Structures are given as C-alpha cells and as structure tokens.
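Heads up, the thing below is written out as structure tokens.
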Amino acid sequence: MRSGIHPVSRPVVFRDRAADTAFLTTSTARSARTIEWADGNTYPLIDVEISSASHPFYTGNTRVVDTAGRVERFERRYGRTS
C-alpha cells in the first residue's frame, strides 16, 4: 500500500443533540470544536442530528407525522383531480 494517501484515524466525540448523549469513537472526520471527555483528555467534537440514541428504529419510539395535514394542504393548493 502507498503511504500518505489514507486519512488519519483518531479518537473523536460525536454528540447527539436530540438525545443529549455523546460517544467517543475513532473517525477520520475533522472538527475545529473540542470537548473535554471524562478521562480528562480533549477530543474533537462533532454534533450530529440523529444517532442510535435518538433514531426511532433503535429506540422503539415512533414519531407522529402529520400526513393528513399535508394532503389537505396539497389539495387546497392544487385542487383535487377526478
């Protein structure tokens, strides 16, 4: 394998803003923000919108989607075709 073509993998903290949890893992992602972890070390911080801590598939919680309101709004805007 050629040297110098692969990104550097290092410890990174991913924080799920929806569930207010954080995970320390290895990644090649870069971030200018940092956070001090429980072990006293400072790691790069990456905020994510959803992770296994907040995703409905992993948590078993379902989200209510207002499909009826969307259909009614579409019919008002464009009319119902017969």
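The way I read the labels, and the way they are meant: chains A, B, ... in the order of the structure tokens, residue 1 as the first residue of every chain, and ligand 1 as the first ligand shown, with later ones counted on from there.
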
With a distance cut-off of 10 Å and only C-alpha atoms, select the neighbouring residues of Val8 (chain A), excluding the residue or stretch itself and same-chain residues fewer than 3 positions from it, and output the selection as a list of chain:residue names.
A:Gly4, A:Ile5, A:Thr26, A:Ser27, A:Thr28, A:Ala29, A:Arg30

For the residues in the current selection, export N, CA, C and O atoms as a tab-separated table (two decimals), in the first residue's frame.
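Everything below was put into again_9.tsv:
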chain	number	residue	atom	x	y	z
A	4	GLY	N	0.81	7.68	2.94
A	4	GLY	CA	0.42	9.08	2.83
A	4	GLY	C	-0.87	9.34	2.06
A	4	GLY	O	-1.22	10.49	1.85
A	5	ILE	N	-1.60	8.29	1.64
A	5	ILE	CA	-2.83	8.54	0.88
A	5	ILE	C	-4.08	8.31	1.73
A	5	ILE	O	-5.17	8.68	1.33
A	26	THR	N	-13.44	6.23	17.12
A	26	THR	CA	-12.41	6.67	16.18
A	26	THR	C	-13.05	7.08	14.87
A	26	THR	O	-14.04	6.49	14.45
A	27	SER	N	-12.48	8.09	14.24
A	27	SER	CA	-13.03	8.59	12.99
A	27	SER	C	-11.95	9.38	12.26
A	27	SER	O	-10.95	9.81	12.85
A	28	THR	N	-12.19	9.59	10.97
A	28	THR	CA	-11.30	10.44	10.18
A	28	THR	C	-11.88	11.84	10.02
A	28	THR	O	-11.27	12.70	9.38
A	29	ALA	N	-13.08	12.07	10.58
A	29	ALA	CA	-13.72	13.38	10.48
A	29	ALA	C	-12.93	14.44	11.24
A	29	ALA	O	-12.33	14.17	12.27
A	30	ARG	N	-12.94	15.66	10.71
A	30	ARG	CA	-12.22	16.77	11.33
A	30	ARG	C	-13.22	17.77	11.89
A	30	ARG	O	-14.31	17.93	11.39

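You can rank A:Thr34, A:Arg76, A:Val48, A:Thr42 by their closest distance to Arg17 (chain A) using only C-alpha atoms, and at the top of that list sits A:Val48.
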
For Glu49 (chain A), which residue among A:Ala19, A:Leu24, A:Ile35, A:Val71 is the nearest when counting only C-alpha atoms?
A:Ala19

Quick one: everything within 8 Å of Thr25 (chain A), counting only C-alpha atoms, minus sequence neighbours fewer than 3 positions away in the same chain. Send it as a VMD selection string.
chain A and resid 11 to 14

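Ranking A:Arg10, A:Arg15, A:Arg2, A:Arg77 by their shortest atom-to-atom distance to Ser54 (chain A), with only C-alpha atoms included, puts A:Arg15 first.
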
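Between CA of Thr21 (chain A) and CA of Glu36 (chain A) the interatomic distance comes to 14.2 Å.
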